[in-house]
Amino acid sequence: GARLAALARATGFQARARVLGRPTVVPYGRRSRFVAQLDDGPSRRAAYARTPDHAEMSVWRARLGPRDLFVDVGASVGLYTIMAAELGCEVIAIEPLDRSREQLLTNLALNDYRAHVLDMALGAEAGVAAMAGPDASRAHLSAAGATGAEPVDVTTLDAVLGDRRAHGVKIDVEGAERLVVDGASRALADRRIDLLQLEWNMQSERNFGETREPLAELLASTGYELCRPDRHGRLRPLDDIGPGADVFARPMGPR
């Protein structure tokens with residue numbers, strides 16, 4: 001039944017979007033709405049499922065509550081930002097690409113949600129870098145002079161947080177996750193990040209020539225263990241650090 005409902009939802013979106021030739025507002029999460037565009041992969045996912053990353057988002061729904069601080073690094077069009085805002089969280093959304101950030105702001109306004117949206121990227125240190133990629137959903141930090149590269153301001157997660165505690169941080173930056181974690185050394189050492197979600201696919205190797213092992217070692221050195229959620233959103237210790245679905249990192253032992 002759920003599969004048939006999902007198929008009907010996807011088919012209906014495709015039909016409306018193609019006939020109308022414009023973005024379509026779809027229900028999202030438990031009580032939110034989202035602007036889905038046929039030619040935009042991230043926003044299209046909202047049209048196909050009210051909870052696109054079911055296992056990962058189930059983790060956050062079980063742990064986040066009103067006034068908790070959630071930092072969405074690589075927020076794109078706002079799938080996780082809208083989820084956290086719906087839960088009543090204080091949200092800092094970080095998205096350097098103009099088109100994605102504009103859609104994010106549209107989705108916030110559509111729901112009358114608030115978030116602090118930063119027009120920059122995160123890295124190991126502050127400065128200016130370049131971003132390049134085949135499209136907005138696959139853009140990543142790149143060497144200056146790369147084809148289609150655009151300059152972006154870069155800051156660190158430590159600078160964004162200051163002395164505050166983050167109840168949750170999601171990092172999806174097309175393989176540059178280690179750089180973001182490098183820039184959070186003070187917060188991690190102080191155990192001021194309760195839980196991190198990290199993209200864990202092959203993009204680090206494709207875009208930076210680096211496996212996930214250095215990132216896993218960096219997190220372990222700061223006292224964080226890696227887990228992956230089951231389909232019910234329960235975190236299970238990770239026994240293979242090879243590429244795959246998103247992983248979560250949580251502090252080991254007492255804080």
# chains A, B, ... in the order shown; residues from 1 in each chain; ligands from 1
$ closest_atom_pairs --of "stretch 103-218 of chain A" --to "stretch 64-84 of chain A" --cutoff "7 Å" --atoms "only C-alpha atoms" --output "JSON lines"
{"residue": "A:Gln103", "atom": "CA", "partner": "A:Val77", "partner_atom": "CA", "distance": 5.2}
{"residue": "A:Leu104", "atom": "CA", "partner": "A:Val77", "partner_atom": "CA", "distance": 4.3}
{"residue": "A:Leu108", "atom": "CA", "partner": "A:Ile82", "partner_atom": "CA", "distance": 6.8}
{"residue": "A:Ala166", "atom": "CA", "partner": "A:Leu69", "partner_atom": "CA", "distance": 5.1}
{"residue": "A:His167", "atom": "CA", "partner": "A:Leu69", "partner_atom": "CA", "distance": 5.4}
{"residue": "A:Gly168", "atom": "CA", "partner": "A:Phe70", "partner_atom": "CA", "distance": 4.7}
{"residue": "A:Val169", "atom": "CA", "partner": "A:Val71", "partner_atom": "CA", "distance": 4.7}
{"residue": "A:Lys170", "atom": "CA", "partner": "A:Asp72", "partner_atom": "CA", "distance": 5.1}
{"residue": "A:Ile171", "atom": "CA", "partner": "A:Val73", "partner_atom": "CA", "distance": 4.8}
{"residue": "A:Asp172", "atom": "CA", "partner": "A:Gly74", "partner_atom": "CA", "distance": 5.2}
{"residue": "A:Val173", "atom": "CA", "partner": "A:Gly74", "partner_atom": "CA", "distance": 5.4}
$ select_by_dssp --residues "stretch 14-255 of chain A" --states "strand (DSSP E or B)" --output "ChimeraX atom specification"
/A:24-28,32-36,69-73,90-94,116-118,121-122,127-132,140-142,150-155,166,168-171,193,196-198,224-229,235-237,247-251
$ select_by_dssp --residues "stretch 43-211 of chain A" --states "helix (DSSP H, G or I)" --output "PyMOL selection string"
chain A and resi 43-48+54-63+79-86+98-111+136-138+157-161+177-182+185-189+203-208
$ residues_around --residues "stretch 5-16 of chain A" --least-positions-apart "2" --cutoff "7 Å" --atoms "only C-alpha atoms" --output "short mmCIF file (atom, residue, chain, number, x, y, z; two decimals) with all heavy atoms, in the first residue's frame"
data_model
loop_
_atom_site.label_atom_id
_atom_site.label_comp_id
_atom_site.auth_asym_id
_atom_site.auth_seq_id
_atom_site.Cartn_x
_atom_site.Cartn_y
_atom_site.Cartn_z
N GLY A 1 0.81 -1.21 0.00
CA GLY A 1 0.00 0.00 0.00
C GLY A 1 0.84 1.25 0.00
O GLY A 1 0.55 2.22 -0.69
N ALA A 2 1.91 1.25 0.80
CA ALA A 2 2.79 2.41 0.85
C ALA A 2 3.48 2.63 -0.49
O ALA A 2 3.66 3.77 -0.94
CB ALA A 2 3.82 2.24 1.96
N ARG A 3 3.85 1.52 -1.14
CA ARG A 3 4.52 1.65 -2.43
C ARG A 3 3.57 2.20 -3.49
O ARG A 3 3.95 3.02 -4.32
CB ARG A 3 5.07 0.29 -2.87
CG ARG A 3 6.23 -0.19 -2.02
CD ARG A 3 6.78 -1.50 -2.51
NE ARG A 3 7.92 -1.93 -1.71
CZ ARG A 3 8.61 -3.04 -1.92
NH1 ARG A 3 8.26 -3.84 -2.92
NH2 ARG A 3 9.62 -3.37 -1.15
N ARG A 18 4.58 18.75 -15.57
CA ARG A 18 4.73 18.80 -17.02
C ARG A 18 3.58 19.57 -17.68
O ARG A 18 3.79 20.31 -18.64
CB ARG A 18 4.83 17.38 -17.58
CG ARG A 18 6.10 16.67 -17.18
CD ARG A 18 6.18 15.25 -17.73
NE ARG A 18 7.34 14.55 -17.21
CZ ARG A 18 8.58 14.69 -17.67
NH1 ARG A 18 8.81 15.53 -18.69
NH2 ARG A 18 9.58 14.01 -17.14
N VAL A 19 2.38 19.40 -17.17
CA VAL A 19 1.23 20.09 -17.76
C VAL A 19 1.28 21.58 -17.45
O VAL A 19 1.08 22.43 -18.34
CB VAL A 19 -0.09 19.47 -17.25
CG1 VAL A 19 -1.27 20.35 -17.65
CG2 VAL A 19 -0.26 18.07 -17.80
N LEU A 20 1.56 21.91 -16.18
CA LEU A 20 1.57 23.31 -15.78
C LEU A 20 2.85 24.03 -16.19
O LEU A 20 2.86 25.25 -16.36
CB LEU A 20 1.37 23.43 -14.27
CG LEU A 20 0.04 22.88 -13.72
CD1 LEU A 20 0.03 22.95 -12.20
CD2 LEU A 20 -1.13 23.66 -14.30
N ALA A 47 8.79 15.86 -3.62
CA ALA A 47 7.55 15.48 -4.30
C ALA A 47 7.34 13.98 -4.25
O ALA A 47 6.20 13.50 -4.29
CB ALA A 47 7.58 15.95 -5.75
N TYR A 48 8.41 13.21 -4.15
CA TYR A 48 8.32 11.76 -4.18
C TYR A 48 8.09 11.15 -2.80
O TYR A 48 7.63 10.02 -2.69
CB TYR A 48 9.57 11.16 -4.81
CG TYR A 48 9.75 11.53 -6.27
CD1 TYR A 48 11.01 11.55 -6.84
CD2 TYR A 48 8.66 11.87 -7.06
CE1 TYR A 48 11.18 11.88 -8.19
CE2 TYR A 48 8.82 12.21 -8.39
CZ TYR A 48 10.08 12.21 -8.95
OH TYR A 48 10.24 12.55 -10.27
N ALA A 49 8.46 11.87 -1.74
CA ALA A 49 8.27 11.34 -0.39
C ALA A 49 8.20 12.49 0.61
O ALA A 49 9.01 13.42 0.54
CB ALA A 49 9.42 10.41 -0.02
#
$ residues_around --residues "A:Cys227" --least-positions-apart "5" --cutoff "6 Å" --atoms "only C-alpha atoms" --output "list in words"
Leu235, Arg236, Pro237, Leu238, Val247 and Phe248 of chain A
$ write_last_selection --atoms "C-alpha atoms" --output "tab-separated table (two decimals), in the first residue's frame"
chain	number	residue	atom	x	y	z
A	235	LEU	CA	21.57	3.88	15.44
A	236	ARG	CA	23.80	0.82	15.12
A	237	PRO	CA	27.62	0.90	15.50
A	238	LEU	CA	29.34	0.96	12.11
A	247	VAL	CA	26.55	7.76	8.84
A	248	PHE	CA	26.10	9.43	12.22
$ atom_distance --atom1 "atom CA of A:Glu210" --atom2 "atom CA of A:Ala149"
20.7 Å
$ residues_around --residues "A:Tyr113" --least-positions-apart "4" --cutoff "9 Å" --atoms "only C-alpha atoms" --output "PyMOL selection string"
chain A and resi 82+85-86+88+107-109
$ write_last_selection --atoms "C-alpha atoms" --output "compact mmCIF listing (two decimals), in the first residue's frame"
# COMPACT_ATOMS: atom_id res chain seq x y z
CA ILE A 82 12.42 22.51 6.82
CA ALA A 85 12.14 24.03 11.59
CA GLU A 86 8.94 21.98 11.67
CA GLY A 88 10.63 23.88 16.40
CA ASN A 107 10.44 27.12 1.29
CA LEU A 108 11.00 28.82 4.63
CA ALA A 109 8.66 31.67 3.67
$ residues_around --residues "A:Leu157" --least-positions-apart "3" --cutoff "7 Å" --atoms "only C-alpha atoms" --output "list in words"
Leu122, Val160, Leu161, Val180, Gly183 and Ala184 of chain A
$ closest_residue --among "A:Ser100, A:Arg250, A:Leu219, A:Val91" --to "A:Gly41" --atoms "only C-alpha atoms"
A:Ser100
$ closest_residue --among "A:Glu225, A:Glu177, A:Asp194, A:Asp153" --to "A:Arg63" --atoms "only C-alpha atoms"
A:Asp194
$ residues_around --residues "A:Asp98" --least-positions-apart "5" --cutoff "12 Å" --atoms "only C-alpha atoms" --output "list in words"
Ala75, Ser76, Val77, Gln103, Leu104, Leu105, Val117, Leu118, Asp119, Met120, Ala121, Met131, Ala136, Ser137, Ala139, Glu150, Pro151 and Val152 of chain A
$ write_last_selection --atoms "N, CA and C atoms" --output "mmCIF file, in the first residue's frame"
data_model
loop_
_atom_site.group_PDB
_atom_site.id
_atom_site.type_symbol
_atom_site.label_atom_id
_atom_site.label_comp_id
_atom_site.auth_asym_id
_atom_site.auth_seq_id
_atom_site.Cartn_x
_atom_site.Cartn_y
_atom_site.Cartn_z
ATOM 1 N N ALA A 75 22.949 22.996 2.934
ATOM 2 C CA ALA A 75 21.495 22.916 3.112
ATOM 3 C C ALA A 75 20.747 22.711 1.811
ATOM 4 N N SER A 76 21.355 23.084 0.685
ATOM 5 C CA SER A 76 20.707 22.971 -0.622
ATOM 6 C C SER A 76 19.354 23.699 -0.584
ATOM 7 N N VAL A 77 18.286 23.039 -1.019
ATOM 8 C CA VAL A 77 16.978 23.701 -1.100
ATOM 9 C C VAL A 77 16.190 23.590 0.189
ATOM 10 N N GLN A 103 15.809 28.955 -3.321
ATOM 11 C CA GLN A 103 14.735 27.985 -3.125
ATOM 12 C C GLN A 103 14.543 27.674 -1.640
ATOM 13 N N LEU A 104 15.645 27.598 -0.912
ATOM 14 C CA LEU A 104 15.572 27.384 0.531
ATOM 15 C C LEU A 104 14.773 28.501 1.204
ATOM 16 N N LEU A 105 15.075 29.738 0.862
ATOM 17 C CA LEU A 105 14.359 30.876 1.439
ATOM 18 C C LEU A 105 12.883 30.856 1.054
ATOM 19 N N VAL A 117 20.193 31.890 7.623
ATOM 20 C CA VAL A 117 20.749 31.338 6.389
ATOM 21 C C VAL A 117 22.050 32.063 6.057
ATOM 22 N N LEU A 118 23.133 31.299 5.953
ATOM 23 C CA LEU A 118 24.450 31.865 5.675
ATOM 24 C C LEU A 118 24.855 31.599 4.231
ATOM 25 N N ASP A 119 25.300 32.650 3.564
ATOM 26 C CA ASP A 119 25.718 32.596 2.160
ATOM 27 C C ASP A 119 27.219 32.316 2.098
ATOM 28 N N MET A 120 27.613 31.088 2.418
ATOM 29 C CA MET A 120 29.034 30.733 2.416
ATOM 30 C C MET A 120 29.182 29.224 2.499
ATOM 31 N N ALA A 121 30.425 28.778 2.405
ATOM 32 C CA ALA A 121 30.739 27.358 2.564
ATOM 33 C C ALA A 121 31.502 27.182 3.871
ATOM 34 N N MET A 131 34.012 26.954 -5.999
ATOM 35 C CA MET A 131 33.075 25.842 -6.086
ATOM 36 C C MET A 131 32.794 25.551 -7.546
ATOM 37 N N ALA A 136 23.943 22.265 -9.500
ATOM 38 C CA ALA A 136 23.900 22.778 -8.132
ATOM 39 C C ALA A 136 23.948 21.670 -7.086
ATOM 40 N N SER A 137 23.320 20.533 -7.372
ATOM 41 C CA SER A 137 23.271 19.467 -6.375
ATOM 42 C C SER A 137 24.591 18.726 -6.240
ATOM 43 N N ALA A 139 27.747 20.435 -6.832
ATOM 44 C CA ALA A 139 28.837 21.402 -6.731
ATOM 45 C C ALA A 139 29.630 21.148 -5.450
ATOM 46 N N GLU A 150 33.252 29.040 -9.236
ATOM 47 C CA GLU A 150 32.814 30.336 -8.733
ATOM 48 C C GLU A 150 33.418 30.563 -7.350
ATOM 49 N N PRO A 151 33.888 31.772 -7.058
ATOM 50 C CA PRO A 151 34.462 32.028 -5.729
ATOM 51 C C PRO A 151 33.378 32.070 -4.659
ATOM 52 N N VAL A 152 33.676 31.517 -3.497
ATOM 53 C CA VAL A 152 32.750 31.550 -2.365
ATOM 54 C C VAL A 152 33.538 31.862 -1.101
#
